[in-house]
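Participant: This is the content of structure26.txt (compact mmCIF, C-alpha atoms and all ligand atoms):
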# COMPACT_ATOMS: atom_id res chain seq x y z
CA MET A 40 105.07 160.97 98.70
CA ASN A 41 106.20 160.10 102.16
CA ILE A 42 104.10 157.89 104.42
CA ALA A 43 102.53 160.78 106.37
CA GLU A 44 101.45 162.57 103.18
CA THR A 45 100.08 159.35 101.72
CA LEU A 46 98.02 158.57 104.80
CA THR A 47 96.72 162.14 105.03
CA ALA A 48 95.69 162.08 101.36
CA ALA A 49 93.84 158.81 101.99
CA LEU A 50 91.88 160.18 104.99
CA PRO A 51 88.75 161.37 103.08
CA PHE A 52 88.49 157.97 101.40
CA MET A 53 89.02 156.13 104.68
CA LEU A 54 86.19 158.15 106.23
CA LYS A 55 84.00 157.47 103.20
CA TYR A 56 84.39 153.70 103.37
CA GLN A 57 84.71 153.13 107.12
CA GLY A 58 81.98 150.70 108.20
CA GLN A 59 80.79 150.34 104.59
CA THR A 60 80.55 147.01 102.80
CA VAL A 61 82.90 146.37 99.90
CA VAL A 62 82.44 143.07 98.06
CA ILE A 63 85.50 141.89 96.16
CA LYS A 64 85.21 139.10 93.62
CA TYR A 65 88.61 137.55 93.08
CA GLY A 66 88.73 135.58 89.83
CA GLY A 67 90.79 132.43 89.43
CA ASN A 68 92.80 133.84 86.54
CA ALA A 69 94.28 136.60 88.71
CA MET A 70 95.17 134.05 91.39
CA THR A 71 97.63 131.84 89.54
CA ASP A 72 100.74 133.92 90.32
CA GLU A 73 101.60 133.52 94.03
CA ARG A 74 103.29 136.94 94.31
CA ILE A 75 100.31 138.74 92.84
CA LYS A 76 97.94 136.73 95.04
CA LYS A 77 99.89 137.70 98.15
CA SER A 78 99.78 141.36 97.14
CA VAL A 79 96.01 141.27 96.48
CA LEU A 80 95.35 139.59 99.84
CA SER A 81 97.57 142.06 101.62
CA ASP A 82 95.53 144.94 100.10
CA ILE A 83 92.32 143.21 101.20
CA LEU A 84 93.66 142.82 104.73
CA LEU A 85 94.65 146.49 104.78
CA LEU A 86 91.07 147.45 103.85
CA LYS A 87 89.67 145.28 106.66
CA THR A 88 92.15 146.75 109.13
CA MET A 89 90.95 150.25 108.16
CA GLY A 90 87.45 149.32 109.32
CA ILE A 91 85.96 148.50 105.92
CA ASN A 92 83.53 145.61 105.90
CA VAL A 93 85.30 143.52 103.24
CA VAL A 94 83.60 140.41 101.86
CA LEU A 95 85.79 138.27 99.63
CA VAL A 96 84.05 136.06 97.08
CA HIS A 97 86.38 133.95 94.98
CA GLY A 98 86.39 131.94 91.80
CA GLY A 99 88.92 129.33 90.77
CA GLY A 100 88.22 128.22 87.21
CA PRO A 101 91.87 127.21 86.58
CA ALA A 102 91.96 125.16 89.83
CA ILE A 103 88.80 123.31 88.73
CA ASN A 104 90.37 122.69 85.30
CA ASP A 105 93.46 121.17 87.00
CA MET A 106 91.33 118.99 89.26
CA LEU A 107 89.26 117.69 86.34
CA GLU A 108 92.41 117.00 84.32
CA LYS A 109 93.79 114.90 87.19
CA TYR A 110 90.66 112.78 87.06
CA GLY A 111 90.82 112.55 83.27
CA LYS A 112 87.73 114.68 82.77
CA GLU A 113 87.36 117.27 80.03
CA SER A 114 86.37 120.88 80.64
CA ARG A 115 83.63 122.10 78.35
CA PHE A 116 82.10 125.59 78.46
CA ILE A 117 78.84 126.86 77.00
CA ASN A 118 78.67 130.68 76.86
CA GLY A 119 81.28 130.91 79.62
CA LEU A 120 79.57 128.38 81.93
CA ARG A 121 81.09 124.97 82.62
CA HIS A 122 79.09 121.93 81.61
CA THR A 123 78.87 120.09 84.92
CA ASP A 124 77.94 116.42 85.40
CA GLU A 125 77.50 115.01 88.91
CA GLU A 126 81.18 114.07 89.26
CA THR A 127 82.30 117.48 87.96
CA ALA A 128 80.08 119.19 90.55
CA GLU A 129 81.83 117.21 93.30
CA LEU A 130 85.30 117.88 91.91
CA ALA A 131 84.51 121.58 91.49
CA LEU A 132 83.38 121.70 95.11
CA ALA A 133 86.60 119.96 96.20
CA ALA A 134 88.75 122.39 94.22
CA LEU A 135 86.90 125.60 95.12
CA SER A 136 85.77 125.02 98.70
CA GLY A 137 88.76 122.84 99.55
CA MET A 138 91.95 123.93 97.81
CA VAL A 139 91.24 127.50 96.73
CA ASN A 140 89.15 128.63 99.70
CA LYS A 141 91.44 127.20 102.34
CA SER A 142 94.60 128.49 100.67
CA LEU A 143 93.12 132.03 100.59
CA VAL A 144 92.21 131.74 104.28
CA ARG A 145 95.67 130.42 105.14
CA ASP A 146 97.41 133.15 103.13
CA ILE A 147 95.42 135.91 104.88
CA GLN A 148 96.34 134.33 108.22
CA ARG A 149 100.00 134.17 107.19
CA LEU A 150 99.84 137.91 106.50
CA GLY A 151 98.71 138.42 110.10
CA GLY A 152 94.96 138.68 109.51
CA GLU A 153 91.96 136.56 110.33
CA ALA A 154 89.70 134.90 107.78
CA ILE A 155 86.85 132.41 107.86
CA GLY A 156 86.22 130.38 104.72
CA ILE A 157 82.73 129.15 103.90
CA SER A 158 81.01 127.79 100.83
CA GLY A 159 77.49 128.44 99.57
CA VAL A 160 76.56 125.04 100.98
CA ASP A 161 77.33 126.17 104.56
CA GLY A 162 74.29 127.62 106.26
CA ARG A 163 72.52 127.15 102.87
CA MET A 164 74.09 130.46 101.93
CA ILE A 165 73.58 129.92 98.20
CA GLU A 166 70.32 128.16 97.41
CA VAL A 167 69.87 127.12 93.79
CA LYS A 168 67.79 125.20 91.29
CA GLN A 169 69.02 123.67 88.05
CA LEU A 170 69.71 126.37 85.45
CA SER A 171 69.21 124.15 82.39
CA ASP A 172 69.31 120.50 81.32
CA GLU A 173 72.04 121.37 78.84
CA LEU A 174 74.50 122.53 81.55
CA GLY A 175 73.78 119.73 84.05
CA PHE A 176 74.58 120.56 87.67
CA VAL A 177 74.96 124.30 87.19
CA GLY A 178 72.90 126.23 89.68
CA GLU A 179 70.62 129.19 89.13
CA ILE A 180 70.53 131.14 92.38
CA THR A 181 67.09 131.22 93.99
CA ARG A 182 68.12 132.75 97.30
CA ILE A 183 71.14 134.17 99.11
CA ASN A 184 71.15 133.85 102.88
CA THR A 185 73.40 136.67 103.97
CA GLU A 186 73.06 136.15 107.73
CA ILE A 187 76.18 133.99 108.04
CA ILE A 188 78.24 136.48 106.00
CA GLU A 189 77.03 139.40 108.11
CA ARG A 190 77.87 137.53 111.31
CA ILE A 191 81.44 136.86 110.22
CA ALA A 192 81.85 140.37 108.83
CA LYS A 193 81.08 141.83 112.27
CA THR A 194 84.17 140.10 113.70
CA THR A 195 87.83 140.79 112.93
CA ALA A 196 87.74 137.99 110.33
CA ILE A 197 87.28 138.44 106.60
CA PRO A 198 84.55 136.19 105.19
CA VAL A 199 86.03 134.21 102.28
CA ILE A 200 83.28 132.69 100.14
CA ALA A 201 83.45 129.75 97.72
CA THR A 202 80.47 129.85 95.42
CA ALA A 203 79.13 126.30 95.49
CA GLY A 204 75.34 125.99 95.76
CA VAL A 205 72.86 123.53 97.18
CA ASP A 206 69.31 122.78 96.03
CA LYS A 207 66.28 121.91 98.16
CA PHE A 208 67.12 118.19 97.88
CA GLY A 209 70.67 118.74 99.15
CA GLU A 210 72.39 118.24 95.77
CA PHE A 211 75.64 120.16 95.17
CA TYR A 212 75.68 122.58 92.25
CA ASN A 213 78.43 124.46 90.46
CA VAL A 214 77.71 128.20 90.49
CA ASN A 215 79.57 130.78 88.44
CA ALA A 216 81.53 132.93 90.88
CA ASP A 217 80.70 136.25 89.17
CA THR A 218 76.99 135.47 89.31
CA ALA A 219 77.13 134.58 93.00
CA ALA A 220 79.34 137.56 93.90
CA SER A 221 77.02 140.00 92.12
CA ARG A 222 74.01 138.60 93.94
CA ILE A 223 75.83 138.73 97.29
CA ALA A 224 76.89 142.35 96.64
CA GLY A 225 73.28 143.23 95.78
CA GLU A 226 71.82 141.51 98.84
CA LEU A 227 74.38 143.14 101.15
CA GLN A 228 73.69 146.52 99.51
CA ALA A 229 77.43 146.90 99.08
CA GLU A 230 78.85 150.41 98.77
CA ARG A 231 81.35 149.11 96.19
CA PHE A 232 81.54 145.90 94.16
CA ILE A 233 84.89 145.20 92.56
CA LEU A 234 85.66 142.28 90.24
CA LEU A 235 89.36 141.41 90.01
CA SER A 236 90.36 139.56 86.88
CA ASP A 237 93.34 139.11 84.56
CA VAL A 238 92.28 141.89 82.21
CA ARG A 239 92.44 145.69 82.50
CA GLY A 240 88.64 145.95 82.28
CA LEU A 241 86.16 145.86 79.43
CA TYR A 242 87.09 146.38 75.77
CA ALA A 243 84.61 147.18 73.01
CA ASP A 244 86.84 145.17 70.67
CA PHE A 245 88.96 142.85 72.81
CA PRO A 246 92.02 142.84 72.83
CA ASP A 247 92.47 146.11 70.92
CA GLU A 248 93.97 148.48 73.56
CA THR A 249 92.43 151.55 71.89
CA SER A 250 88.94 150.12 72.47
CA PHE A 251 89.33 150.10 76.29
CA LEU A 252 86.22 151.43 78.06
CA HIS A 253 86.62 153.54 81.22
CA GLU A 254 82.88 153.66 81.87
CA VAL A 255 79.81 151.90 80.46
CA ASN A 256 76.12 151.70 81.30
CA LEU A 257 73.73 148.75 81.11
CA PHE A 258 72.29 149.82 77.78
CA GLU A 259 75.78 149.97 76.24
CA ILE A 260 76.59 146.55 77.69
CA ASP A 261 73.58 145.02 75.92
CA ASN A 262 74.75 146.52 72.65
CA LEU A 263 78.31 145.27 73.19
CA ILE A 264 77.13 141.72 73.94
CA ALA A 265 75.08 141.84 70.73
CA THR A 266 78.22 142.72 68.68
CA GLY A 267 79.79 139.38 69.61
CA LYS A 268 83.00 141.11 70.75
CA ILE A 269 82.46 139.88 74.28
CA THR A 270 83.29 136.24 74.74
CA GLY A 271 84.06 133.51 77.29
CA GLY A 272 83.94 134.33 80.99
CA MET A 273 83.20 138.00 80.28
CA ILE A 274 79.63 137.10 79.24
CA PRO A 275 78.44 135.68 82.59
CA LYS A 276 80.41 138.44 84.32
CA LEU A 277 78.46 141.20 82.57
CA GLU A 278 75.14 139.35 82.75
CA ALA A 279 75.66 138.92 86.49
CA ILE A 280 76.45 142.59 87.03
CA LYS A 281 73.45 143.57 84.95
CA TYR A 282 71.11 141.36 86.97
CA ALA A 283 72.42 142.62 90.31
CA MET A 284 72.18 146.25 89.16
CA GLN A 285 68.55 145.73 88.26
CA ASN A 286 68.14 144.38 91.81
CA GLY A 287 69.80 146.81 94.19
CA LEU A 288 73.45 147.18 93.22
CA THR A 289 74.31 150.71 92.14
CA GLU A 290 77.63 150.21 90.36
CA ALA A 291 80.43 147.75 89.75
CA VAL A 292 84.09 148.01 88.74
CA LEU A 293 86.05 145.59 86.58
CA LEU A 294 89.64 145.82 87.76
CA ASP A 295 92.98 144.27 86.84
CA GLY A 296 94.06 142.02 89.70
CA ARG A 297 97.56 141.81 88.19
CA LEU A 298 98.18 145.54 88.62
CA LYS A 299 100.00 146.08 91.90
CA ASN A 300 97.80 147.68 94.58
CA SER A 301 94.92 148.07 92.11
CA LEU A 302 92.34 147.76 94.92
CA ILE A 303 93.96 150.47 97.01
CA LEU A 304 94.38 152.75 94.00
CA GLU A 305 90.76 152.23 92.98
CA LEU A 306 89.32 152.91 96.43
CA PHE A 307 91.73 155.56 97.72
CA THR A 308 92.31 157.82 94.75
CA ASP A 309 90.01 159.75 92.43
CA GLU A 310 91.49 158.08 89.38
CA GLY A 311 89.61 155.12 87.95
CA PHE A 312 91.89 152.26 86.96
CA GLY A 313 89.37 149.78 85.61
CA THR A 314 85.98 149.91 83.89
CA LEU A 315 83.19 151.50 85.90
CA ILE A 316 79.77 149.99 85.17
CA LYS A 317 76.81 152.23 86.02
CA LYS A 318 73.06 152.01 85.50
N1 LIG B 401 85.39 142.45 75.48
C1 LIG B 401 86.16 141.93 76.42
N2 LIG B 401 86.84 142.74 77.27
C2 LIG B 401 87.63 142.21 78.24
N3 LIG B 401 87.84 140.88 78.42
C3 LIG B 401 87.20 140.03 77.59
C4 LIG B 401 86.34 140.51 76.56
N4 LIG B 401 85.83 139.43 75.89
C5 LIG B 401 86.35 138.34 76.48
N5 LIG B 401 87.17 138.66 77.50
C6 LIG B 401 87.88 137.69 78.32
O1 LIG B 401 87.29 137.61 79.61
C7 LIG B 401 88.28 137.20 80.52
C8 LIG B 401 87.83 137.45 81.95
O2 LIG B 401 86.80 136.55 82.29
P1 LIG B 401 87.13 135.21 83.14
O3 LIG B 401 88.10 134.39 82.36
O4 LIG B 401 85.86 134.58 83.52
O5 LIG B 401 87.89 135.83 84.36
P2 LIG B 401 87.90 135.43 85.90
O6 LIG B 401 88.31 133.99 86.00
O7 LIG B 401 88.92 136.36 86.47
O8 LIG B 401 86.53 135.68 86.43
C9 LIG B 401 89.51 137.98 80.10
O9 LIG B 401 90.70 137.36 80.49
C10 LIG B 401 89.35 138.02 78.57
O10 LIG B 401 90.12 137.00 77.97
C1 LIG B 402 79.14 127.24 86.30
C2 LIG B 402 80.57 127.65 86.22
O1 LIG B 402 81.07 127.93 85.14
N1 LIG B 402 81.26 127.71 87.39
C3 LIG B 402 82.62 128.11 87.48
C4 LIG B 402 82.94 128.31 88.95
C5 LIG B 402 84.28 128.92 89.20
C6 LIG B 402 84.41 130.33 88.67
O2 LIG B 402 83.46 131.00 88.29
O3 LIG B 402 85.68 130.80 88.71
P1 LIG B 402 86.30 132.10 87.99
O4 LIG B 402 85.74 133.28 88.66
O5 LIG B 402 87.76 131.95 88.22
O6 LIG B 402 85.94 132.04 86.52
C7 LIG B 402 83.56 127.03 86.87
O7 LIG B 402 83.24 125.83 86.94
O8 LIG B 402 84.63 127.40 86.38
Would you give me this structure, written as structure tokens?

Facilitator:
Amino acid sequence: MNIAETLTAALPFMLKYQGQTVVIKYGGNAMTDERIKKSVLSDILLLKTMGINVVLVHGGGPAINDMLEKYGKESRFINGLRHTDEETAELALAALSGMVNKSLVRDIQRLGGEAIGISGVDGRMIEVKQLSDELGFVGEITRINTEIIERIAKTTAIPVIATAGVDKFGEFYNVNADTAASRIAGELQAERFILLSDVRGLYADFPDETSFLHEVNLFEIDNLIATGKITGGMIPKLEAIKYAMQNGLTEAVLLDGRLKNSLILELFTDEGFGTLIKK
């Protein structure tokens, strides 16, 4: 297709999404390759330039692992959530809100766009309480203050959100990025919520290619979790989507961030490239 045909074919989708909110959760595992990262950010900038209200929420598990390793601290996960002592909470904040957030902002700016990076601590955007004694300083979200996101989103800048949380006493908490992104998408009543990871989508029997699921509903997700075939970071991801869908979100898409232009293909064609999660 030449450029004119491509743009013309995209017109109905552009009209559909213009002025709408699209929340993109960019997982740390799809961020480790610089070329892929640049391509993802360039797609995100294209969406913003088309008049879509893009909100970028990022993770950074691998960056936190590296930071902890530097300080001689071990990473330990319980059902996909990192056990977080006080020092880990501070190091996670440094890695996510410092390194990862600012490098995403810088990379968008290098591509010619504008971005403003904030963490859940800023403007008390992500208010939390302790989730459990067992996990330490892992936050359970009690409130999302979307005002600061909405203010940035009205400008030419893309809001880039690091998902640290703060409790009523001002303590820093580590918050799973999928959980926070799902809640933000729900609160913003996003038209689309897309989670970019390093996997094609959801498998009934991971990693058996033939078990790939193009579409699932919440009931099927519960059954899949019960089979034990869903492990690691996929558990909080699905739990987060489930929670947000019971509280305002209409659907979510698990998408492969490593697939070139996956965001554009997902939003601007009728073909589904990932796993669509519906009520
Ligand atoms: N049933 C499943 N289908 C797809 N991925 C799964 C499944 N069970 C476990 N996973 C794992 O979940 C990972 C994605 O979750 P996570 O590591 O938290 O990603 P991210 O850092 O991008 O949020 C995949 O890389 C895969 O290894
Ligand atoms: C509590 C908890 O587990 N927090 C996560 C926060 C980062 C994250 O979720 O990043 P990804 O999206 O790349 O996995 C962590 O410490 O790894």

Participant: Neighbours of ligand LIG 402 (chain B) at 6 Å or closer, counting only C-alpha atoms and all ligand atoms: which residues, as a compact mmCIF listing (two decimals) with C-alpha atoms, in the coordinates of the input?

Facilitator:
# COMPACT_ATOMS: atom_id res chain seq x y z
CA GLY A 66 88.73 135.58 89.83
CA GLY A 67 90.79 132.43 89.43
CA ASN A 68 92.80 133.84 86.54
CA GLY A 98 86.39 131.94 91.80
CA GLY A 99 88.92 129.33 90.77
CA GLY A 100 88.22 128.22 87.21
CA LEU A 120 79.57 128.38 81.93
CA ARG A 121 81.09 124.97 82.62
CA VAL A 177 74.96 124.30 87.19
CA ASN A 213 78.43 124.46 90.46
CA VAL A 214 77.71 128.20 90.49
CA ASN A 215 79.57 130.78 88.44
CA ALA A 216 81.53 132.93 90.88
CA ASP A 217 80.70 136.25 89.17

Participant: What are the closest atom pairs, with distances in Å to one decimal, for each residue of stretch 107-188 of chain A lying within 12 Å of stretch 202-209 of chain A, using all atoms listed in the file, rows by chain and rising residue number, as CSV?

Facilitator:
residue,atom,partner,partner_atom,distance
A:Ala128,CA,A:Ala203,CA,8.7
A:Glu129,CA,A:Ala203,CA,9.7
A:Leu130,CA,A:Ala203,CA,11.0
A:Ala131,CA,A:Ala203,CA,8.2
A:Leu132,CA,A:Ala203,CA,6.3
A:Ala133,CA,A:Ala203,CA,9.8
A:Ala134,CA,A:Ala203,CA,10.5
A:Leu135,CA,A:Thr202,CA,7.7
A:Ser136,CA,A:Ala203,CA,7.5
A:Gly137,CA,A:Ala203,CA,11.0
A:Val139,CA,A:Thr202,CA,11.1
A:Asn140,CA,A:Thr202,CA,9.8
A:Gly156,CA,A:Thr202,CA,10.9
A:Ile157,CA,A:Thr202,CA,8.8
A:Ser158,CA,A:Thr202,CA,5.8
A:Gly159,CA,A:Ala203,CA,4.9
A:Val160,CA,A:Gly204,CA,5.4
A:Asp161,CA,A:Val205,CA,9.0
A:Gly162,CA,A:Val205,CA,10.1
A:Arg163,CA,A:Val205,CA,6.8
A:Met164,CA,A:Gly204,CA,7.7
A:Ile165,CA,A:Gly204,CA,4.9
A:Glu166,CA,A:Val205,CA,5.3
A:Val167,CA,A:Asp206,CA,4.9
A:Lys168,CA,A:Asp206,CA,5.5
A:Gln169,CA,A:Asp206,CA,8.0
A:Leu170,CA,A:Asp206,CA,11.2
A:Phe176,CA,A:Gly204,CA,9.8
A:Val177,CA,A:Gly204,CA,8.7
A:Gly178,CA,A:Gly204,CA,6.6
A:Glu179,CA,A:Gly204,CA,8.7
A:Ile180,CA,A:Gly204,CA,7.8
A:Thr181,CA,A:Asp206,CA,9.0
A:Arg182,CA,A:Gly204,CA,10.0
A:Ile183,CA,A:Gly204,CA,9.8
A:Asn184,CA,A:Gly204,CA,11.4

Participant: I'd like the neighbourhood of A:Ala243 as a list in words, where a residue qualifies if any of its atoms comes within 7 Å (using all atoms listed in the file), though same-chain residues fewer than 4 positions away should be ignored.

Facilitator: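 Residues near the query, excluding close chain neighbours: Ser250, Phe251, Leu252, Leu263 and Lys268 of chain A.
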
Participant: Would you give me, as a tab-separated table, each residue of chain A having an atom within 10 Å of an atom of ligand LIG 401 (chain B), along with its shortest atom pair and that distance in Å to one decimal, using all atoms listed in the file and sorting by chain and residue number?

Facilitator:
residue	atom	partner	partner_atom	distance
A:Lys64	CA	B:LIG401	O8	8.1
A:Tyr65	CA	B:LIG401	O7	6.7
A:Gly66	CA	B:LIG401	O7	3.5
A:Gly67	CA	B:LIG401	O6	4.5
A:Asn68	CA	B:LIG401	O6	4.5
A:Ala69	CA	B:LIG401	O7	5.8
A:Met70	CA	B:LIG401	O7	8.3
A:His97	CA	B:LIG401	O8	8.7
A:Gly98	CA	B:LIG401	O6	6.4
A:Gly99	CA	B:LIG401	O6	6.7
A:Gly100	CA	B:LIG401	O6	5.9
A:Pro101	CA	B:LIG401	O6	7.7
A:Gly119	CA	B:LIG401	O4	7.0
A:Leu120	CA	B:LIG401	O4	9.0
A:Asn215	CA	B:LIG401	O8	8.7
A:Ala216	CA	B:LIG401	O8	7.2
A:Asp217	CA	B:LIG401	O8	6.5
A:Thr218	CA	B:LIG401	O8	10.0
A:Leu234	CA	B:LIG401	O8	7.7
A:Leu235	CA	B:LIG401	O7	6.2
A:Ser236	CA	B:LIG401	O7	3.5
A:Asp237	CA	B:LIG401	O9	5.2
A:Val238	CA	B:LIG401	O9	5.1
A:Arg239	CA	B:LIG401	C2	7.3
A:Gly240	CA	B:LIG401	C2	5.6
A:Leu241	CA	B:LIG401	N2	3.9
A:Tyr242	CA	B:LIG401	N2	3.9
A:Ala243	CA	B:LIG401	N1	5.4
A:Asp244	CA	B:LIG401	N1	5.7
A:Phe245	CA	B:LIG401	N1	4.5
A:Pro246	CA	B:LIG401	N2	6.8
A:Asp247	CA	B:LIG401	N2	9.1
A:Glu248	CA	B:LIG401	N2	9.9
A:Ser250	CA	B:LIG401	N1	9.0
A:Phe251	CA	B:LIG401	N2	7.8
A:Leu252	CA	B:LIG401	N2	8.7
A:Ile260	CA	B:LIG401	N1	10.0
A:Leu263	CA	B:LIG401	N1	8.0
A:Ile264	CA	B:LIG401	N1	8.4
A:Thr266	CA	B:LIG401	N1	9.9
A:Gly267	CA	B:LIG401	N1	8.7
A:Lys268	CA	B:LIG401	N1	5.5
A:Ile269	CA	B:LIG401	N4	3.8
A:Thr270	CA	B:LIG401	C5	4.1
A:Gly271	CA	B:LIG401	C5	5.4
A:Gly272	CA	B:LIG401	O4	3.2
A:Met273	CA	B:LIG401	O1	4.2
A:Ile274	CA	B:LIG401	C5	7.4
A:Pro275	CA	B:LIG401	O4	7.6
A:Lys276	CA	B:LIG401	O4	6.7
A:Leu277	CA	B:LIG401	O2	9.6
A:Leu293	CA	B:LIG401	C2	9.1
A:Leu294	CA	B:LIG401	O7	9.6
A:Asp295	CA	B:LIG401	O7	8.9
A:Gly296	CA	B:LIG401	O7	8.3
A:Thr314	CA	B:LIG401	C2	9.7

Participant: Hey, which of A:Glu108, A:Asp146, A:Glu186, A:Asp261 ends up closest to A:Ile83? Count all atoms listed in the file.

Facilitator: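 Closest to A:Ile83, using all atoms listed in the file: A:Asp146.
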
Participant: Quick one, how far is atom CA of A:Leu298 from atom CA of A:Glu254?

Facilitator: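 So the answer is 18.6 Å.
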
Participant: Quote the spacing between atom CA of A:Ile233 and atom CA of A:Phe258 in Å to one decimal place.

Facilitator: 20.0 Å
